[in-house]
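One file, my_file_26.txt, carrying compact mmCIF, C-alpha atoms and all ligand atoms:
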# COMPACT_ATOMS: atom_id res chain seq x y z
CA MET A 1 28.96 67.64 -36.46
CA PRO A 2 26.06 70.07 -35.92
CA SER A 3 25.47 71.56 -32.48
CA ILE A 4 22.15 71.56 -30.63
CA ALA A 5 21.02 73.70 -27.71
CA ILE A 6 18.35 72.58 -25.22
CA THR A 7 16.95 75.76 -23.65
CA HIS A 8 14.38 76.73 -21.01
CA ILE A 9 15.22 73.75 -18.80
CA ASN A 10 13.37 74.42 -15.54
CA THR A 11 15.70 72.16 -13.53
CA LEU A 12 19.00 70.92 -14.91
CA VAL A 13 20.77 68.33 -12.75
CA THR A 14 24.52 68.32 -13.46
CA ASN A 15 25.84 66.29 -10.47
CA ASP A 16 28.61 68.91 -10.45
CA PRO A 17 28.39 71.13 -7.35
CA SER A 18 30.66 73.70 -9.02
CA LEU A 19 27.99 74.33 -11.66
CA GLY A 20 24.86 74.64 -9.51
CA SER A 21 23.34 74.30 -6.07
CA GLY A 22 23.63 71.34 -3.72
CA PRO A 23 25.24 67.94 -4.31
CA LEU A 24 23.23 67.58 -7.54
CA GLY A 25 24.55 70.88 -8.93
CA ARG A 26 21.00 72.00 -9.77
CA LEU A 27 20.53 74.92 -12.20
CA ARG A 28 17.23 76.75 -12.76
CA ASP A 29 16.09 78.09 -16.15
CA ALA A 30 19.19 76.59 -17.72
CA ALA A 31 20.43 75.62 -21.15
CA LEU A 32 22.85 72.99 -22.37
CA VAL A 33 24.71 72.74 -25.69
CA VAL A 34 25.75 69.43 -27.27
CA GLU A 35 28.28 69.15 -30.09
CA ASP A 36 29.27 65.80 -31.54
CA ASP A 37 29.14 63.32 -28.61
CA ARG A 38 29.97 65.85 -25.88
CA VAL A 39 28.41 68.55 -23.74
CA VAL A 40 30.22 71.77 -24.64
CA TRP A 41 28.34 74.47 -22.72
CA ILE A 42 26.06 74.76 -19.67
CA GLY A 43 24.59 77.98 -18.26
CA ALA A 44 21.62 80.32 -18.00
CA SER A 45 19.04 79.84 -20.74
CA SER A 46 19.11 83.58 -21.56
CA ARG A 47 22.84 83.34 -22.34
CA ALA A 48 22.82 80.22 -24.53
CA PRO A 49 25.12 80.61 -27.56
CA ALA A 50 23.91 80.30 -31.15
CA THR A 51 23.74 76.70 -32.40
CA ASP A 52 22.74 74.86 -35.56
CA SER A 53 19.52 73.61 -34.01
CA HIS A 54 17.50 74.18 -30.91
CA LEU A 55 15.03 72.35 -28.68
CA ASP A 56 12.82 74.25 -26.24
CA ALA A 57 12.45 72.19 -23.05
CA ALA A 58 9.51 74.45 -22.13
CA GLY A 59 9.96 74.15 -18.38
CA ARG A 60 10.76 70.45 -18.27
CA SER A 61 13.85 69.04 -16.52
CA VAL A 62 17.07 67.41 -17.75
CA ILE A 63 19.18 64.86 -15.89
CA PRO A 64 22.30 62.85 -16.74
CA GLY A 65 21.28 59.55 -18.33
CA PHE A 66 20.89 56.74 -15.81
CA VAL A 67 23.93 54.49 -15.36
CA ASP A 68 22.70 50.94 -14.71
CA SER A 69 25.87 49.34 -13.39
CA HIS A 70 24.48 45.85 -12.75
CA ALA A 71 22.42 43.75 -15.17
CA HIS A 72 22.32 40.21 -16.56
CA LEU A 73 21.04 40.58 -20.14
CA LEU A 74 22.82 37.71 -21.92
CA PHE A 75 20.20 35.01 -21.62
CA ALA A 76 17.44 33.18 -23.45
CA GLY A 77 14.31 31.36 -22.30
CA ASP A 78 11.31 32.36 -20.27
CA ARG A 79 10.58 32.08 -16.53
CA THR A 80 7.14 33.63 -16.38
CA ALA A 81 5.61 30.46 -14.92
CA GLU A 82 8.14 30.40 -12.08
CA PHE A 83 7.33 33.99 -11.06
CA HIS A 84 3.61 33.36 -11.49
CA ALA A 85 3.75 30.36 -9.17
CA ARG A 86 5.90 32.12 -6.57
CA MET A 87 3.62 35.14 -6.43
CA SER A 88 0.56 32.88 -6.30
CA GLY A 89 1.79 31.02 -3.24
CA GLN A 90 2.36 27.82 -5.15
CA PRO A 91 5.44 25.63 -4.96
CA TYR A 92 7.62 25.59 -8.05
CA GLU A 93 10.06 22.74 -8.16
CA ALA A 94 11.55 22.67 -11.63
CA GLY A 95 13.29 25.55 -13.21
CA GLY A 96 15.26 28.24 -11.52
CA ILE A 97 18.55 29.35 -12.98
CA ALA A 98 19.11 25.93 -14.61
CA THR A 99 16.22 26.72 -16.98
CA THR A 100 17.97 29.87 -18.11
CA VAL A 101 21.33 28.14 -18.49
CA ALA A 102 19.81 25.42 -20.70
CA ALA A 103 17.96 27.93 -22.88
CA THR A 104 21.00 30.20 -23.18
CA ARG A 105 23.26 27.33 -24.25
CA ALA A 106 20.69 26.42 -26.91
CA ALA A 107 20.33 29.97 -28.28
CA THR A 108 22.22 31.23 -31.32
CA ASP A 109 24.62 34.18 -31.16
CA ALA A 110 22.17 36.16 -33.27
CA GLU A 111 19.36 35.50 -30.79
CA LEU A 112 21.49 36.61 -27.83
CA ALA A 113 22.50 39.75 -29.74
CA ARG A 114 18.91 40.53 -30.72
CA ARG A 115 17.70 40.15 -27.13
CA LEU A 116 20.51 42.34 -25.78
CA ALA A 117 19.69 45.06 -28.31
CA HIS A 118 16.03 44.82 -27.35
CA PHE A 119 16.78 45.32 -23.64
CA ARG A 120 19.21 48.12 -24.39
CA GLN A 121 16.50 49.99 -26.30
CA GLU A 122 13.89 49.22 -23.62
CA MET A 123 16.29 50.76 -21.08
CA ALA A 124 17.02 53.77 -23.29
CA ARG A 125 13.30 54.56 -23.41
CA GLN A 126 13.41 54.72 -19.59
CA GLY A 127 16.37 57.09 -19.51
CA THR A 128 19.29 54.65 -19.19
CA THR A 129 22.27 55.58 -21.36
CA THR A 130 24.89 53.20 -19.92
CA VAL A 131 24.28 49.59 -18.97
CA GLU A 132 26.73 47.02 -17.68
CA THR A 133 25.97 43.41 -18.42
CA LYS A 134 27.35 40.10 -17.22
CA SER A 135 27.73 36.61 -18.63
CA GLY A 136 26.89 33.77 -16.27
CA TYR A 137 24.20 31.73 -18.04
CA GLY A 138 26.57 29.79 -20.30
CA LEU A 139 28.94 28.31 -17.71
CA THR A 140 31.07 26.50 -20.29
CA VAL A 141 34.21 27.95 -21.85
CA GLU A 142 32.58 28.40 -25.26
CA ASP A 143 29.17 29.59 -24.00
CA GLU A 144 30.66 32.20 -21.65
CA ALA A 145 33.11 33.47 -24.28
CA ARG A 146 30.53 33.81 -27.03
CA ALA A 147 28.08 35.64 -24.73
CA LEU A 148 30.81 38.16 -23.91
CA ARG A 149 31.74 38.46 -27.60
CA VAL A 150 28.11 39.30 -28.35
CA ALA A 151 28.02 41.86 -25.51
CA ALA A 152 31.29 43.56 -26.45
CA ARG A 153 29.89 44.39 -29.91
CA GLN A 154 27.18 46.52 -28.25
CA LEU A 155 28.53 47.61 -24.85
CA THR A 156 31.75 48.78 -23.23
CA GLU A 157 30.87 47.69 -19.68
CA VAL A 158 31.07 43.90 -20.02
CA THR A 159 31.62 41.56 -17.07
CA PHE A 160 32.76 37.93 -16.98
CA LEU A 161 30.62 36.07 -14.43
CA GLY A 162 31.61 32.46 -15.02
CA ALA A 163 31.45 32.16 -11.21
CA HIS A 164 27.69 32.76 -11.11
CA ILE A 165 26.70 29.29 -9.92
CA VAL A 166 28.38 25.89 -10.08
CA PRO A 167 26.73 24.31 -13.14
CA PRO A 168 24.93 20.96 -12.72
CA GLU A 169 27.69 18.96 -14.43
CA TYR A 170 30.18 20.12 -11.73
CA ARG A 171 27.84 19.74 -8.74
CA ASP A 172 30.04 17.06 -7.15
CA GLU A 173 33.35 18.76 -7.86
CA PRO A 174 33.05 22.53 -7.37
CA ALA A 175 36.83 22.90 -6.99
CA ALA A 176 37.26 21.64 -10.54
CA TYR A 177 34.78 24.25 -11.73
CA VAL A 178 36.76 27.03 -10.00
CA ASP A 179 39.87 25.71 -11.77
CA LEU A 180 38.00 25.93 -15.08
CA VAL A 181 36.78 29.48 -14.38
CA THR A 182 40.23 30.71 -13.34
CA GLY A 183 41.99 28.85 -16.16
CA PRO A 184 40.68 28.07 -19.66
CA MET A 185 37.40 29.99 -19.23
CA LEU A 186 39.20 33.15 -18.10
CA ASP A 187 41.64 32.79 -21.00
CA ALA A 188 38.74 32.69 -23.46
CA CYS A 189 36.69 35.44 -21.78
CA ALA A 190 39.20 38.07 -20.63
CA PRO A 191 39.73 39.55 -24.12
CA HIS A 192 36.02 40.45 -24.34
CA ALA A 193 35.46 41.81 -20.81
CA ARG A 194 36.43 44.81 -18.69
CA TRP A 195 35.37 43.28 -15.37
CA ILE A 196 35.23 39.99 -13.48
CA ASP A 197 32.49 39.23 -10.94
CA VAL A 198 31.77 36.37 -8.54
CA PHE A 199 28.65 35.35 -6.63
CA CYS A 200 30.08 35.05 -3.11
CA GLU A 201 27.20 33.57 -1.14
CA ARG A 202 26.29 30.40 0.72
CA GLY A 203 25.28 27.90 -1.97
CA ALA A 204 27.40 29.62 -4.62
CA PHE A 205 31.11 30.37 -4.00
CA ASP A 206 32.78 30.70 -0.59
CA ALA A 207 35.39 33.30 0.36
CA GLU A 208 38.36 31.18 -0.65
CA GLN A 209 36.86 30.31 -4.05
CA ALA A 210 35.77 33.91 -4.64
CA ARG A 211 39.25 35.17 -3.79
CA ALA A 212 40.79 32.76 -6.31
CA VAL A 213 38.40 33.95 -9.02
CA LEU A 214 39.01 37.64 -8.32
CA LEU A 215 42.80 37.34 -8.09
CA ALA A 216 42.91 35.38 -11.37
CA GLY A 217 40.82 38.08 -13.05
CA ARG A 218 42.97 40.86 -11.66
CA ALA A 219 46.09 39.11 -12.96
CA ARG A 220 44.49 39.30 -16.43
CA GLY A 221 43.85 43.04 -16.08
CA LEU A 222 40.14 42.84 -15.25
CA GLY A 223 38.50 45.15 -12.71
CA LEU A 224 36.76 43.48 -9.77
CA ARG A 225 33.07 43.32 -8.80
CA VAL A 226 31.40 41.05 -6.24
CA HIS A 227 27.82 39.81 -5.69
CA ALA A 228 27.97 40.12 -1.89
CA ASN A 229 25.75 39.70 1.17
CA GLN A 230 22.48 39.34 -0.73
CA LEU A 231 20.83 36.44 1.08
CA GLY A 232 22.56 36.62 4.45
CA HIS A 233 25.64 37.77 6.29
CA GLY A 234 28.85 36.54 4.72
CA PRO A 235 32.40 37.33 3.67
CA GLY A 236 31.63 38.96 0.28
CA VAL A 237 31.71 42.62 1.27
CA ALA A 238 34.85 42.28 3.38
CA LEU A 239 36.58 40.45 0.53
CA ALA A 240 35.50 43.09 -2.01
CA VAL A 241 36.90 45.91 0.11
CA GLU A 242 40.11 44.02 0.93
CA LEU A 243 40.85 43.39 -2.77
CA GLY A 244 39.86 46.92 -3.80
CA ALA A 245 36.89 45.78 -5.90
CA ARG A 246 35.20 48.70 -7.66
CA SER A 247 31.79 47.58 -6.42
CA ALA A 248 30.14 45.26 -3.91
CA ASP A 249 26.64 44.57 -5.16
CA HIS A 250 23.45 43.79 -3.17
CA CYS A 251 24.80 44.64 0.36
CA THR A 252 21.46 43.63 1.87
CA HIS A 253 22.77 41.94 5.03
CA LEU A 254 25.66 43.91 6.56
CA THR A 255 27.38 43.84 9.92
CA ASP A 256 28.71 47.04 11.49
CA ALA A 257 32.19 45.85 10.44
CA ASP A 258 31.02 45.53 6.80
CA VAL A 259 29.64 49.08 6.86
CA ALA A 260 32.85 50.42 8.44
CA ALA A 261 34.98 48.61 5.86
CA LEU A 262 32.95 50.10 2.99
CA ALA A 263 33.23 53.57 4.54
CA ASP A 264 37.01 53.27 4.89
CA GLY A 265 37.64 51.63 1.52
CA THR A 266 37.26 52.55 -2.14
CA THR A 267 34.49 50.06 -2.96
CA VAL A 268 31.08 51.40 -4.02
CA ALA A 269 28.01 49.74 -2.45
CA THR A 270 25.58 49.00 -5.29
CA LEU A 271 22.02 48.41 -4.08
CA LEU A 272 19.54 46.49 -6.25
CA PRO A 273 16.02 47.04 -4.87
CA GLY A 274 14.30 45.39 -7.85
CA CYS A 275 15.62 42.12 -6.48
CA GLU A 276 14.11 42.52 -3.00
CA PHE A 277 10.88 43.83 -4.55
CA SER A 278 10.55 40.84 -6.89
CA THR A 279 11.38 38.22 -4.26
CA ARG A 280 9.48 39.81 -1.34
CA ALA A 281 12.73 40.09 0.62
CA PRO A 282 13.79 42.80 3.12
CA TYR A 283 15.42 45.83 1.49
CA PRO A 284 19.02 46.94 2.11
CA ASP A 285 19.36 49.89 4.50
CA ALA A 286 20.67 52.66 2.29
CA ARG A 287 20.32 55.23 5.08
CA ARG A 288 22.77 53.33 7.27
CA LEU A 289 25.35 53.24 4.45
CA LEU A 290 24.92 56.90 3.50
CA ASP A 291 25.14 58.05 7.11
CA ALA A 292 28.43 56.14 7.42
CA GLY A 293 29.80 57.94 4.36
CA VAL A 294 29.67 55.00 1.92
CA VAL A 295 29.34 55.79 -1.81
CA VAL A 296 26.06 54.18 -2.90
CA ALA A 297 24.92 53.24 -6.41
CA LEU A 298 21.49 52.03 -7.54
CA ALA A 299 21.05 49.52 -10.37
CA THR A 300 18.33 47.20 -11.68
CA ASP A 301 19.99 43.76 -11.51
CA CYS A 302 17.78 43.10 -14.54
CA ASN A 303 17.68 39.28 -14.88
CA PRO A 304 14.99 36.68 -15.59
CA GLY A 305 14.99 35.10 -12.13
CA SER A 306 15.08 37.59 -9.27
CA SER A 307 14.55 41.05 -10.79
CA PHE A 308 13.07 41.30 -14.27
CA THR A 309 12.79 45.08 -14.29
CA SER A 310 14.88 47.26 -16.59
CA SER A 311 13.54 50.47 -15.07
CA MET A 312 15.90 52.77 -13.19
CA PRO A 313 13.02 55.17 -12.36
CA PHE A 314 11.24 52.26 -10.66
CA CYS A 315 14.33 51.34 -8.61
CA LEU A 316 14.83 54.98 -7.66
CA ALA A 317 11.24 55.28 -6.42
CA VAL A 318 11.55 52.08 -4.36
CA ALA A 319 14.85 53.31 -2.87
CA VAL A 320 13.13 56.50 -1.70
CA ARG A 321 10.03 54.76 -0.39
CA GLU A 322 11.62 51.70 1.20
CA MET A 323 15.34 52.29 1.78
CA GLY A 324 15.57 55.68 3.45
CA MET A 325 17.10 57.58 0.56
CA THR A 326 16.09 61.17 -0.18
CA PRO A 327 14.93 61.85 -3.76
CA ASP A 328 18.21 63.71 -4.41
CA GLU A 329 20.35 60.89 -3.01
CA ALA A 330 18.51 58.29 -5.09
CA LEU A 331 18.92 60.32 -8.29
CA TRP A 332 22.64 60.82 -7.58
CA SER A 333 23.09 57.09 -6.90
CA ALA A 334 21.26 56.15 -10.12
CA THR A 335 23.51 58.41 -12.21
CA ALA A 336 26.80 59.54 -10.63
CA GLY A 337 26.79 56.58 -8.24
CA GLY A 338 26.54 54.13 -11.13
CA ALA A 339 29.37 55.96 -12.89
CA ALA A 340 31.49 55.62 -9.74
CA ALA A 341 30.69 51.90 -9.59
CA LEU A 342 32.00 51.60 -13.16
CA ASP A 343 34.99 53.90 -12.52
CA ARG A 344 33.83 56.32 -15.22
CA ALA A 345 34.33 60.11 -15.06
CA ASP A 346 32.79 60.86 -18.48
CA ILE A 347 29.22 59.76 -17.63
CA GLY A 348 26.77 60.21 -14.75
CA ARG A 349 27.14 64.00 -14.76
CA LEU A 350 26.71 66.87 -17.18
CA ALA A 351 29.50 69.42 -17.58
CA PRO A 352 31.58 70.74 -20.48
CA GLY A 353 33.60 67.75 -21.70
CA THR A 354 31.37 64.93 -20.42
CA ARG A 355 29.57 62.59 -22.78
CA ALA A 356 26.25 63.96 -24.00
CA ASP A 357 24.22 61.23 -22.26
CA LEU A 358 21.06 62.82 -20.92
CA ALA A 359 17.31 62.46 -20.41
CA LEU A 360 14.58 65.06 -20.78
CA LEU A 361 11.81 64.52 -18.22
CA ALA A 362 8.18 65.59 -18.64
CA ALA A 363 8.31 67.13 -15.15
CA PRO A 364 9.46 70.50 -13.78
CA ASP A 365 11.82 68.78 -11.34
CA PRO A 366 13.33 65.27 -11.23
CA VAL A 367 11.88 64.82 -7.72
CA HIS A 368 8.87 63.67 -9.77
CA LEU A 369 10.73 60.39 -10.47
CA ALA A 370 9.97 59.37 -6.87
CA TYR A 371 6.87 61.54 -6.42
CA ARG A 372 5.08 59.98 -9.43
CA PRO A 373 6.18 56.32 -9.35
CA GLY A 374 5.31 54.22 -12.38
CA VAL A 375 4.54 57.24 -14.56
CA PRO A 376 6.53 57.33 -17.84
CA LEU A 377 8.21 60.73 -17.37
CA VAL A 378 11.15 60.21 -19.74
CA SER A 379 10.27 62.13 -22.92
CA ALA A 380 13.58 62.12 -24.84
CA VAL A 381 17.03 60.55 -24.41
CA TRP A 382 20.41 61.28 -26.01
CA ARG A 383 23.37 58.92 -25.88
CA ASP A 384 26.76 60.11 -27.16
CA GLY A 385 24.94 63.17 -28.49
CA ALA A 386 22.52 61.13 -30.62
CA ARG A 387 18.80 60.94 -29.93
CA VAL A 388 18.03 57.31 -29.00
CA ALA A 389 14.50 57.63 -27.58
ZN ZN A 401 23.29 40.23 -10.20
Just give me the structure as structure tokens.
Amino acid sequence: MPSIAITHINTLVTNDPSLGSGPLGRLRDAALVVEDDRVVWIGASSRAPATDSHLDAAGRSVIPGFVDSHAHLLFAGDRTAEFHARMSGQPYEAGGIATTVAATRAATDAELARRLAHFRQEMARQGTTTVETKSGYGLTVEDEARALRVAARQLTEVTFLGAHIVPPEYRDEPAAYVDLVTGPMLDACAPHARWIDVFCERGAFDAEQARAVLLAGRARGLGLRVHANQLGHGPGVALAVELGARSADHCTHLTDADVAALADGTTVATLLPGCEFSTRAPYPDARRLLDAGVVVALATDCNPGSSFTSSMPFCLAVAVREMGMTPDEALWSATAGGAAALDRADIGRLAPGTRADLALLAAPDPVHLAYRPGVPLVSAVWRDGARVA
């Protein structure tokens, strides 16, 4: 496999403090060498070794590819009218998630695969090199399993979210639906997934139901994730920490005890500002979590109902403007933080031996991601050493 050097990088963010300055491990006038799917060398541009080919960054910056650790991309249908009505101050009765479930059940495997590939490429163009995606719009044994089969052909970070909502046909017997999720549905889905997730919220699944789902998943070898404390205070975060979930996602409404539990535990707090932005809801307080010593990740929550953005740069800019994060903290959380939320050491940073997942920015410093919101700064992206955008 030929090697390529990227030279004259004004600012190279490694997220490895042993390679450069500060928590981001920043290097000035740097170079980076990629061979096969790995980074093999990082150092001063003037000392870059000879390679088969060469790209002059000409004073631009390079960052690890974004790690979007929370998305819902296995769906069909369209909810434009619902958003349009909500943002126009008009009531919207029909629809909601049931619209997406009906359309997803009616879609072919090929259509789900085509849509997933489309979103993956849309994300790559915005600098995202790893995306996690969840099921949760099928909500039958066969529809959940085939969505995960489709996802596993394209992605490694695949999450079984049969416990997204109680589907309409089980409205009067939610306990029977939990039995389905933890029994036959888990049997059919576990072979295609790395993670299990549950929406632990009033109106979805309570603490006891969420615990049953998570313990059943763990018994099948799946890692744990929890949709927690999005709409109000609740037991989700405490449960996630107690069970050693890799990530508690949303974390918008937290008590002091929730924050202390996250700080003492091993669970990453994944914040999803696209959701609050798109629903005109109050943002999570990232500053409070960071000051307590909690590991924070940023992700898009890309989904057709509450956050239809696939843009990590957008989420990063909102986190800086609205959630009290510094530009450096937000960049770390969108890269290394996402990798931590997925328990991955080979992505989210750039050092000899890591995957060659990186983005070249048309900016002298990645602070521009927050400084110039909405501007398409990503000029090239490599995933596993291959140029993908
Ligand atoms: Zn979600």
Set the cut-off to 8 Å, count only C-alpha atoms and all ligand atoms, and list whatever residues fall near ligand ZN 401 (chain A) as JSON, numbers by chain.
{"A": [70, 71, 72, 227, 249, 250, 301, 302, 303]}
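With all atoms listed in the file as the atoms that count, the residue of A:Asp357, A:Glu144, A:Glu322, A:Asp52 with the shortest distance to Ile4 (chain A) is A:Asp52.
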Tell me which residues come within 12 Å of (28.8, 46.2, 11.5), as an MDAnalysis selection string, counting all atoms listed in the file in the file's coordinates.
chainID A and resid 233:234 237:238 251 253:263 288:289 292
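With distances taken over all atoms listed in the file, A:Ser53 is the one residue among A:Ser333, A:Ser21, A:Ser53, A:Asn15 lying closest to Ser3 (chain A).
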Which residues, written as number ranges by chain, have at least one atom at most 6 Å from Gly65 (chain A), with all atoms listed in the file counted and residues fewer than 5 positions away on the same chain left out?
A: 127-129, 357-359
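We find CA of Gly274 (chain A) and CA of Ala330 (chain A) to be spaced 13.8 Å apart.
Near (26.4, 68.7, -8.4), the residues that fall inside 10 Å on the basis of all atoms listed in the file are A:Val13, A:Thr14, A:Asn15, A:Asp16, A:Pro17, A:Ser18, A:Leu19, A:Gly20, A:Ser21, A:Gly22, A:Pro23, A:Leu24, A:Gly25, A:Arg26, A:Leu27, A:Trp332, A:Ala336, A:Arg349, A:Leu350, A:Ala351.
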When you count all atoms listed in the file, which of these residues is closest to Asp346 (chain A): A:Leu215, A:Val67, A:Leu180, A:Ala44?
A:Val67
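Between Ala389 (chain A) and the residues A:Pro313, A:Glu208, A:Leu360, A:Ala31, the shortest atom-to-atom distance, using all atoms listed in the file, involves A:Leu360.
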Just want the 12 Å neighbourhood of Thr133 (chain A), counted on all atoms listed in the file, with same-chain residues fewer than 3 positions away dropped. Output as an NGL selection string.
:A and (67-75 or 116-117 or 119-120 or 130 or 136-137 or 147-152 or 154-161 or 193-197 or 225 or 299-303 or 310 or 342)
Store the residues of this selection in a file with C-alpha atoms, as an mmCIF file, in the frame of the given file.
data_model
loop_
_atom_site.group_PDB
_atom_site.id
_atom_site.type_symbol
_atom_site.label_atom_id
_atom_site.label_comp_id
_atom_site.auth_asym_id
_atom_site.auth_seq_id
_atom_site.Cartn_x
_atom_site.Cartn_y
_atom_site.Cartn_z
ATOM 1 C CA VAL A 67 23.930 54.490 -15.360
ATOM 2 C CA ASP A 68 22.700 50.940 -14.710
ATOM 3 C CA SER A 69 25.870 49.340 -13.390
ATOM 4 C CA HIS A 70 24.480 45.850 -12.750
ATOM 5 C CA ALA A 71 22.420 43.750 -15.170
ATOM 6 C CA HIS A 72 22.320 40.210 -16.560
ATOM 7 C CA LEU A 73 21.040 40.580 -20.140
ATOM 8 C CA LEU A 74 22.820 37.710 -21.920
ATOM 9 C CA PHE A 75 20.200 35.010 -21.620
ATOM 10 C CA LEU A 116 20.510 42.340 -25.780
ATOM 11 C CA ALA A 117 19.690 45.060 -28.310
ATOM 12 C CA PHE A 119 16.780 45.320 -23.640
ATOM 13 C CA ARG A 120 19.210 48.120 -24.390
ATOM 14 C CA THR A 130 24.890 53.200 -19.920
ATOM 15 C CA GLY A 136 26.890 33.770 -16.270
ATOM 16 C CA TYR A 137 24.200 31.730 -18.040
ATOM 17 C CA ALA A 147 28.080 35.640 -24.730
ATOM 18 C CA LEU A 148 30.810 38.160 -23.910
ATOM 19 C CA ARG A 149 31.740 38.460 -27.600
ATOM 20 C CA VAL A 150 28.110 39.300 -28.350
ATOM 21 C CA ALA A 151 28.020 41.860 -25.510
ATOM 22 C CA ALA A 152 31.290 43.560 -26.450
ATOM 23 C CA GLN A 154 27.180 46.520 -28.250
ATOM 24 C CA LEU A 155 28.530 47.610 -24.850
ATOM 25 C CA THR A 156 31.750 48.780 -23.230
ATOM 26 C CA GLU A 157 30.870 47.690 -19.680
ATOM 27 C CA VAL A 158 31.070 43.900 -20.020
ATOM 28 C CA THR A 159 31.620 41.560 -17.070
ATOM 29 C CA PHE A 160 32.760 37.930 -16.980
ATOM 30 C CA LEU A 161 30.620 36.070 -14.430
ATOM 31 C CA ALA A 193 35.460 41.810 -20.810
ATOM 32 C CA ARG A 194 36.430 44.810 -18.690
ATOM 33 C CA TRP A 195 35.370 43.280 -15.370
ATOM 34 C CA ILE A 196 35.230 39.990 -13.480
ATOM 35 C CA ASP A 197 32.490 39.230 -10.940
ATOM 36 C CA ARG A 225 33.070 43.320 -8.800
ATOM 37 C CA ALA A 299 21.050 49.520 -10.370
ATOM 38 C CA THR A 300 18.330 47.200 -11.680
ATOM 39 C CA ASP A 301 19.990 43.760 -11.510
ATOM 40 C CA CYS A 302 17.780 43.100 -14.540
ATOM 41 C CA ASN A 303 17.680 39.280 -14.880
ATOM 42 C CA SER A 310 14.880 47.260 -16.590
ATOM 43 C CA LEU A 342 32.000 51.600 -13.160
#
Set out as JSON lines a contact list for region 62-138 of chain A and region 166-171 of chain A with a cut-off of 12 Å, giving each residue of region 62-138 of chain A that qualifies its closest atom pair and distance in Å to one decimal, counting all atoms listed in the file, ordered by chain and rising residue number.
{"residue": "A:Ile97", "atom": "CA", "partner": "A:Pro167", "partner_atom": "CA", "distance": 9.6}
{"residue": "A:Ala98", "atom": "CA", "partner": "A:Pro168", "partner_atom": "CA", "distance": 7.9}
{"residue": "A:Thr99", "atom": "CA", "partner": "A:Pro168", "partner_atom": "CA", "distance": 11.3}
{"residue": "A:Thr100", "atom": "CA", "partner": "A:Pro167", "partner_atom": "CA", "distance": 11.5}
{"residue": "A:Val101", "atom": "CA", "partner": "A:Pro167", "partner_atom": "CA", "distance": 8.5}
{"residue": "A:Ala102", "atom": "CA", "partner": "A:Pro167", "partner_atom": "CA", "distance": 10.3}
{"residue": "A:Gly136", "atom": "CA", "partner": "A:Pro167", "partner_atom": "CA", "distance": 10.0}
{"residue": "A:Tyr137", "atom": "CA", "partner": "A:Pro167", "partner_atom": "CA", "distance": 9.2}
{"residue": "A:Gly138", "atom": "CA", "partner": "A:Pro167", "partner_atom": "CA", "distance": 9.0}
Spatial neighbours of His54 (chain A), max dist 12 Å, all atoms listed in the file, sep filter under 2 positions, as a VMD selection string
chain A and resid 2 to 8 31 to 35 45 48 to 52 56 to 58
Extract, using only C-alpha atoms, all DNA, RNA and protein residues at most 8 Å from Leu224 (chain A), discarding same-chain residues fewer than 6 positions from it, and format them as an MDAnalysis selection string.
chainID A and resid 195:197 214 217:218 240 244:247
For the residues in the current selection, export C-alpha atoms as a JSON list (two decimals), in the frame of the given file.
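Final output, selection.json:
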[["chain", "number", "residue", "atom", "x", "y", "z"],
["A", 195, "TRP", "CA", 35.37, 43.28, -15.37],
["A", 196, "ILE", "CA", 35.23, 39.99, -13.48],
["A", 197, "ASP", "CA", 32.49, 39.23, -10.94],
["A", 214, "LEU", "CA", 39.01, 37.64, -8.32],
["A", 217, "GLY", "CA", 40.82, 38.08, -13.05],
["A", 218, "ARG", "CA", 42.97, 40.86, -11.66],
["A", 240, "ALA", "CA", 35.50, 43.09, -2.01],
["A", 244, "GLY", "CA", 39.86, 46.92, -3.80],
["A", 245, "ALA", "CA", 36.89, 45.78, -5.90],
["A", 246, "ARG", "CA", 35.20, 48.70, -7.66],
["A", 247, "SER", "CA", 31.79, 47.58, -6.42]]
